[in-house]
Amino acid sequence: MLVSGMLTLYSLYPVFAEPRTIQATPSAGYYDAAVEIELENVLPIIYTLDGSVPTEENHIAYEEPIALETGTVITIQARTLAPSGKLGDVQTFFYAVGTDTTLPILAITSDPEGLWGEEDGILTNYGEKGTEWERLTLITYLDYGYSDGTAPSFSVWAGLRVHGDYSRQFEKRSLRIYMRREYGQSALVYPLFDETTVDTFESLVIHAGGEDWQSVPDREWSILCNQLAADLAFDLDLAATHSQPVLLYINGEPWGIYYLRERPDAQWLASEYGITNSDMIDAAEHTEDRNVVNGSIEDWDALIDYLNEADLSDPEAYAYTASQVDLESLTNCYWLQIYANNADWPQHNNLTYRDLDGSDNRWKFAVWDTDHGWDIDCVKDFDMVAWLYAEHPHTVDRQDTVLIRALLENDDFREAFIARGCDLLNTYFEADGVISRIDELAAEIAPDIEIEEERWESTTEWSDHIQRMKDFCVTRPDVVREDIQQQFGLGAMWTFTMTGLDESAGQVLVNGIVLASSDFEGTYFEGMEVTVEAIAADGYTFVGWEGYESQAATITLTEPIALQPLFEESQTD
């Protein structure tokens, strides 16, 4: 029988009287079919299934095995209740039963009052921030490949908050995990992400997808935009966070597909990039709340003040700016955002950081929030190049784009910026490559997408929006090229074609980028220089290009050009 009463223990409940160990049979973990859980102790046992701590006033008295049907994901919280009224320690037993799913399971167990209470619930009062709106929570993780008898990968106590800005208002909200010594341990140690050796985390984000989610009827959604941007960012040697898709359950209720993500903070910079003393800010410094993630914003403000007055066509002013900002990092980041069509940038989500102790103290750029992109909740053919010069929502005098607009006044930078944009559109952002990445990301969550659609009553087919993203990838490069041409008054576009490469004989670099396939077609503007280089594989010699004599050739485009590299097997004595 369930006895309910006023709950006041949700922030303190790991700390109770002396332990009296309860035995659970079968042990906690995953089971393929319905199972009955037996709890055993010499003393009477009380328990709950709703996330609340069992107390004298609020509990179910254990009298018979607890039946768990297929599809159940639940944490049993149990403790002894002596005839004297003395309570034993709370013990937790996590069970997932016959879920017929493939993604890892992430289960949140937390007092309902602390989550949904009218006065104290963090999900009810989702606009509130700070440590006072952090609730003690048990986080349980069941990794891939679970089968009968698989035990949870980890189960840890942590602090839980609502995460995000505008997306806080959505019913499917992102959450943030904080590991703290007072909850049990100061860090989670577990290899969550295959792509990194980092396995220690002080905080994590349980990301709902932001606005890449069907928050209103008929909205486009994929839940992939942030992950796709991170993959491309890693290719470009930009800082980005690793992610792992999971099925989230809150107090036994399915909550859909989320991504467990690294949180971009000081600990992330230290563990992933070895930066132990840093400034990290949202470089959109016009915003009302001026987001300083770590360190100080003062030097960034001073740089912006300088650029408001400086003329970067002056070599000295340009050299000074280049000494303060990593221009390669800026260029790659800006082109990624422009290509992705993320119009919620740069007035938001313009994450910038620097190493205060290392040999390179310049500001660099990171990729974090790109859920407006790839034709998901954005205007398909939006001119993101012109957007760099526009007055943005909530901005004052275009202060969010002072840096890039000042740099583009310098002829050398503008030429290099445009050339890099062309190179990226021809290679890293080429349609087939990005579509392949979309397919990989979609395949990972596709087997469980029905859970997402059922939980949030999707009004549109997820697969339709994945195709929408692919169609965007096909048309977007040409749209961006036309935007570049118009914004900077450039001449005709010419194709540069490379064919007939025998990849076993060698490789070809175009402007320093190794071509990913034997056939290449790039588009450049009138008068641009393209440098090609052929490198022979072992056992082969590069003998030249048709029409060119040197191994490295720089070609100024004034018409379409087609080349074929020629390799011969090396002669041996």
# chains A, B, ... in the order shown; residues from 1 in each chain; ligands from 1
>>> closest_atom_pairs(of="region 136-184 of chain A", to="region 195-209 of chain A", cutoff="8 Å", atoms="only C-alpha atoms", output="Markdown table")
| residue | atom | partner | partner_atom | distance |
| --- | --- | --- | --- | --- |
| A:His163 | CA | A:Val205 | CA | 7.4 |
| A:Lys172 | CA | A:Ala208 | CA | 6.3 |
| A:Arg173 | CA | A:Ala208 | CA | 5.9 |
| A:Ser174 | CA | A:His207 | CA | 4.6 |
| A:Leu175 | CA | A:Ile206 | CA | 5.0 |
| A:Arg176 | CA | A:Val205 | CA | 4.5 |
| A:Ile177 | CA | A:Leu204 | CA | 5.1 |
| A:Tyr178 | CA | A:Ser203 | CA | 4.6 |
| A:Met179 | CA | A:Glu202 | CA | 5.2 |
| A:Arg180 | CA | A:Glu202 | CA | 7.6 |
>>> closest_atom_pairs(of="region 239-305 of chain A", to="region 67-86 of chain A", cutoff="9 Å", atoms="only C-alpha atoms", output="tab-separated table")
residue	atom	partner	partner_atom	distance
A:Tyr249	CA	A:Val73	CA	7.2
A:Ile250	CA	A:Ile74	CA	8.8
A:Asn251	CA	A:Ile74	CA	6.6
A:Gly252	CA	A:Ile74	CA	4.6
A:Glu253	CA	A:Val73	CA	7.6
A:Pro254	CA	A:Val73	CA	8.2
>>> residues_around(residues="Ser463 (chain A)", least_positions_apart="2", cutoff="9 Å", atoms="only C-alpha atoms", output="list in words")
Ser222, Ala442, Ala446, Thr460, Glu461, His465, Ile466, Gln467 and Arg468 of chain A
>>> select_by_dssp(residues="region 131-352 of chain A", states="helix (DSSP H, G or I)", output="VMD selection string")
chain A and resid 131 to 133 166 to 169 181 to 183 225 to 235 266 to 273 298 to 309 315 to 324 327 to 340
>>> write_last_selection(atoms="C-alpha atoms", output="mmCIF file, in the first residue's frame")
data_model
loop_
_atom_site.group_PDB
_atom_site.id
_atom_site.type_symbol
_atom_site.label_atom_id
_atom_site.label_comp_id
_atom_site.auth_asym_id
_atom_site.auth_seq_id
_atom_site.Cartn_x
_atom_site.Cartn_y
_atom_site.Cartn_z
ATOM 1 C CA THR A 131 22.829 26.051 -7.379
ATOM 2 C CA GLU A 132 19.566 26.569 -5.493
ATOM 3 C CA TRP A 133 17.844 25.024 -8.515
ATOM 4 C CA TYR A 166 15.377 29.682 -25.218
ATOM 5 C CA SER A 167 14.856 25.905 -25.337
ATOM 6 C CA ARG A 168 14.116 25.819 -21.584
ATOM 7 C CA GLN A 169 10.502 26.574 -22.362
ATOM 8 C CA ARG A 181 32.012 15.502 -3.559
ATOM 9 C CA GLU A 182 29.045 16.152 -1.286
ATOM 10 C CA TYR A 183 26.906 13.909 -3.502
ATOM 11 C CA CYS A 225 22.401 18.990 -36.266
ATOM 12 C CA ASN A 226 24.705 19.459 -33.273
ATOM 13 C CA GLN A 227 26.383 16.101 -33.783
ATOM 14 C CA LEU A 228 26.916 16.728 -37.501
ATOM 15 C CA ALA A 229 28.483 20.116 -36.781
ATOM 16 C CA ALA A 230 30.801 18.588 -34.173
ATOM 17 C CA ASP A 231 31.979 15.910 -36.625
ATOM 18 C CA LEU A 232 32.808 18.542 -39.237
ATOM 19 C CA ALA A 233 34.470 20.720 -36.597
ATOM 20 C CA PHE A 234 36.790 17.888 -35.571
ATOM 21 C CA ASP A 235 37.795 17.472 -39.235
ATOM 22 C CA ALA A 266 37.104 24.830 -17.905
ATOM 23 C CA GLN A 267 37.335 21.113 -17.109
ATOM 24 C CA TRP A 268 36.563 20.225 -20.745
ATOM 25 C CA LEU A 269 39.343 22.524 -21.988
ATOM 26 C CA ALA A 270 41.756 20.967 -19.508
ATOM 27 C CA SER A 271 40.919 17.325 -20.226
ATOM 28 C CA GLU A 272 40.456 17.522 -24.016
ATOM 29 C CA TYR A 273 42.974 20.233 -24.919
ATOM 30 C CA GLU A 298 37.860 42.080 -20.114
ATOM 31 C CA ASP A 299 40.592 41.457 -22.692
ATOM 32 C CA TRP A 300 38.044 40.450 -25.314
ATOM 33 C CA ASP A 301 36.138 43.677 -24.676
ATOM 34 C CA ALA A 302 39.368 45.613 -24.998
ATOM 35 C CA LEU A 303 40.051 43.959 -28.368
ATOM 36 C CA ILE A 304 36.565 44.823 -29.625
ATOM 37 C CA ASP A 305 36.991 48.425 -28.443
ATOM 38 C CA TYR A 306 40.275 48.576 -30.349
ATOM 39 C CA LEU A 307 38.701 47.169 -33.515
ATOM 40 C CA ASN A 308 35.854 49.666 -33.349
ATOM 41 C CA GLU A 309 38.453 52.373 -33.958
ATOM 42 C CA PRO A 315 49.522 46.399 -41.716
ATOM 43 C CA GLU A 316 50.403 47.187 -38.089
ATOM 44 C CA ALA A 317 46.764 47.074 -36.954
ATOM 45 C CA TYR A 318 46.226 43.834 -38.844
ATOM 46 C CA ALA A 319 49.384 42.287 -37.391
ATOM 47 C CA TYR A 320 48.274 43.209 -33.883
ATOM 48 C CA THR A 321 44.858 41.631 -34.428
ATOM 49 C CA ALA A 322 46.473 38.485 -35.815
ATOM 50 C CA SER A 323 48.591 38.327 -32.653
ATOM 51 C CA GLN A 324 45.383 38.294 -30.576
ATOM 52 C CA LEU A 327 42.777 33.563 -37.783
ATOM 53 C CA GLU A 328 42.827 29.955 -39.014
ATOM 54 C CA SER A 329 40.492 28.909 -36.200
ATOM 55 C CA LEU A 330 38.213 31.878 -36.868
ATOM 56 C CA THR A 331 38.116 31.233 -40.614
ATOM 57 C CA ASN A 332 37.279 27.529 -40.281
ATOM 58 C CA CYS A 333 34.631 28.171 -37.647
ATOM 59 C CA TYR A 334 32.968 30.985 -39.564
ATOM 60 C CA TRP A 335 32.800 28.983 -42.795
ATOM 61 C CA LEU A 336 31.338 25.994 -40.970
ATOM 62 C CA GLN A 337 28.585 28.182 -39.504
ATOM 63 C CA ILE A 338 27.970 29.901 -42.860
ATOM 64 C CA TYR A 339 27.774 26.586 -44.708
ATOM 65 C CA ALA A 340 25.468 25.067 -42.066
#
>>> residues_around(residues="Thr241 (chain A)", least_positions_apart="6", cutoff="8 Å", atoms="only C-alpha atoms", output="ChimeraX atom specification")
/A:230,261-264,367-368
>>> select_by_dssp(residues="region 103-257 of chain A", states="strand (DSSP E)", output="number ranges by chain")
A: 105-109, 135-142, 154-163, 174-178, 188-189, 200-201, 203-207, 239-240, 243-250, 253-257
>>> write_last_selection(atoms="C-alpha atoms", output="mmCIF file, in the first residue's frame")
data_model
loop_
_atom_site.group_PDB
_atom_site.id
_atom_site.type_symbol
_atom_site.label_atom_id
_atom_site.label_comp_id
_atom_site.auth_asym_id
_atom_site.auth_seq_id
_atom_site.Cartn_x
_atom_site.Cartn_y
_atom_site.Cartn_z
ATOM 1 C CA ILE A 105 19.790 3.686 -21.512
ATOM 2 C CA LEU A 106 20.260 6.691 -19.229
ATOM 3 C CA ALA A 107 17.942 6.647 -16.223
ATOM 4 C CA ILE A 108 17.301 9.595 -13.903
ATOM 5 C CA THR A 109 15.891 8.846 -10.483
ATOM 6 C CA ARG A 135 18.443 18.638 -7.331
ATOM 7 C CA LEU A 136 20.088 15.478 -6.089
ATOM 8 C CA THR A 137 19.629 12.704 -8.642
ATOM 9 C CA LEU A 138 20.722 9.141 -9.208
ATOM 10 C CA ILE A 139 22.153 8.735 -12.722
ATOM 11 C CA THR A 140 22.249 5.155 -14.021
ATOM 12 C CA TYR A 141 23.759 4.168 -17.360
ATOM 13 C CA LEU A 142 23.336 0.918 -19.252
ATOM 14 C CA PHE A 154 27.569 2.970 -13.632
ATOM 15 C CA SER A 155 25.161 4.420 -11.098
ATOM 16 C CA VAL A 156 26.185 7.688 -9.454
ATOM 17 C CA TRP A 157 24.627 10.453 -7.392
ATOM 18 C CA ALA A 158 24.865 13.887 -8.983
ATOM 19 C CA GLY A 159 23.255 17.301 -9.097
ATOM 20 C CA LEU A 160 20.666 17.927 -11.824
ATOM 21 C CA ARG A 161 19.667 21.277 -13.356
ATOM 22 C CA VAL A 162 17.752 22.484 -16.384
ATOM 23 C CA HIS A 163 20.095 23.449 -19.238
ATOM 24 C CA SER A 174 17.851 19.675 -21.827
ATOM 25 C CA LEU A 175 19.416 18.896 -18.461
ATOM 26 C CA ARG A 176 22.820 19.321 -16.898
ATOM 27 C CA ILE A 177 24.661 16.923 -14.568
ATOM 28 C CA TYR A 178 27.095 18.118 -11.883
ATOM 29 C CA LEU A 188 32.414 10.491 -13.112
ATOM 30 C CA VAL A 189 35.059 8.107 -14.428
ATOM 31 C CA THR A 200 36.711 11.759 -16.427
ATOM 32 C CA PHE A 201 33.861 14.276 -16.289
ATOM 33 C CA SER A 203 29.762 17.900 -15.617
ATOM 34 C CA LEU A 204 27.767 16.697 -18.621
ATOM 35 C CA VAL A 205 24.790 17.877 -20.636
ATOM 36 C CA ILE A 206 21.796 15.663 -21.405
ATOM 37 C CA HIS A 207 20.825 17.467 -24.585
ATOM 38 C CA ALA A 239 37.302 22.485 -30.594
ATOM 39 C CA ALA A 240 33.953 20.723 -30.184
ATOM 40 C CA SER A 243 28.321 13.169 -27.821
ATOM 41 C CA GLN A 244 26.569 9.858 -27.250
ATOM 42 C CA PRO A 245 22.894 9.258 -28.131
ATOM 43 C CA VAL A 246 20.887 7.687 -25.320
ATOM 44 C CA LEU A 247 17.341 6.757 -24.409
ATOM 45 C CA LEU A 248 16.396 8.859 -21.400
ATOM 46 C CA TYR A 249 14.048 7.669 -18.669
ATOM 47 C CA ILE A 250 12.926 9.935 -15.826
ATOM 48 C CA GLU A 253 8.963 7.224 -17.803
ATOM 49 C CA PRO A 254 10.432 7.179 -21.336
ATOM 50 C CA TRP A 255 11.559 10.667 -22.316
ATOM 51 C CA GLY A 256 12.839 10.035 -25.839
ATOM 52 C CA ILE A 257 16.233 10.259 -27.520
#
>>> atom_distance(atom1="CA of Pro191 (chain A)", atom2="CA of Phe93 (chain A)")
22.6 Å
>>> closest_atom_pairs(of="region 104-129 of chain A", to="region 36-51 of chain A", cutoff="8 Å", atoms="only C-alpha atoms", output="Markdown table")
| residue | atom | partner | partner_atom | distance |
| --- | --- | --- | --- | --- |
| A:Thr109 | CA | A:Gly51 | CA | 5.0 |
| A:Ser110 | CA | A:Gly51 | CA | 4.8 |
| A:Asp111 | CA | A:Gly51 | CA | 4.9 |
| A:Pro112 | CA | A:Gly51 | CA | 6.3 |
>>> write_last_selection(atoms="N, CA, C and O atoms", output="short mmCIF file (atom, residue, chain, number, x, y, z; two decimals), in the first residue's frame")
data_model
loop_
_atom_site.label_atom_id
_atom_site.label_comp_id
_atom_site.auth_asym_id
_atom_site.auth_seq_id
_atom_site.Cartn_x
_atom_site.Cartn_y
_atom_site.Cartn_z
N THR A 109 16.76 9.12 -11.61
CA THR A 109 15.89 8.85 -10.48
C THR A 109 16.01 10.01 -9.51
O THR A 109 17.09 10.26 -8.97
N SER A 110 14.91 10.74 -9.32
CA SER A 110 14.95 11.94 -8.48
C SER A 110 13.58 12.18 -7.89
O SER A 110 12.56 11.83 -8.48
N ASP A 111 13.54 12.78 -6.69
CA ASP A 111 12.28 13.01 -6.00
C ASP A 111 11.33 13.83 -6.88
O ASP A 111 11.71 14.89 -7.38
N PRO A 112 10.10 13.35 -7.10
CA PRO A 112 9.17 14.07 -7.97
C PRO A 112 8.93 15.51 -7.54
O PRO A 112 8.74 16.38 -8.40
#
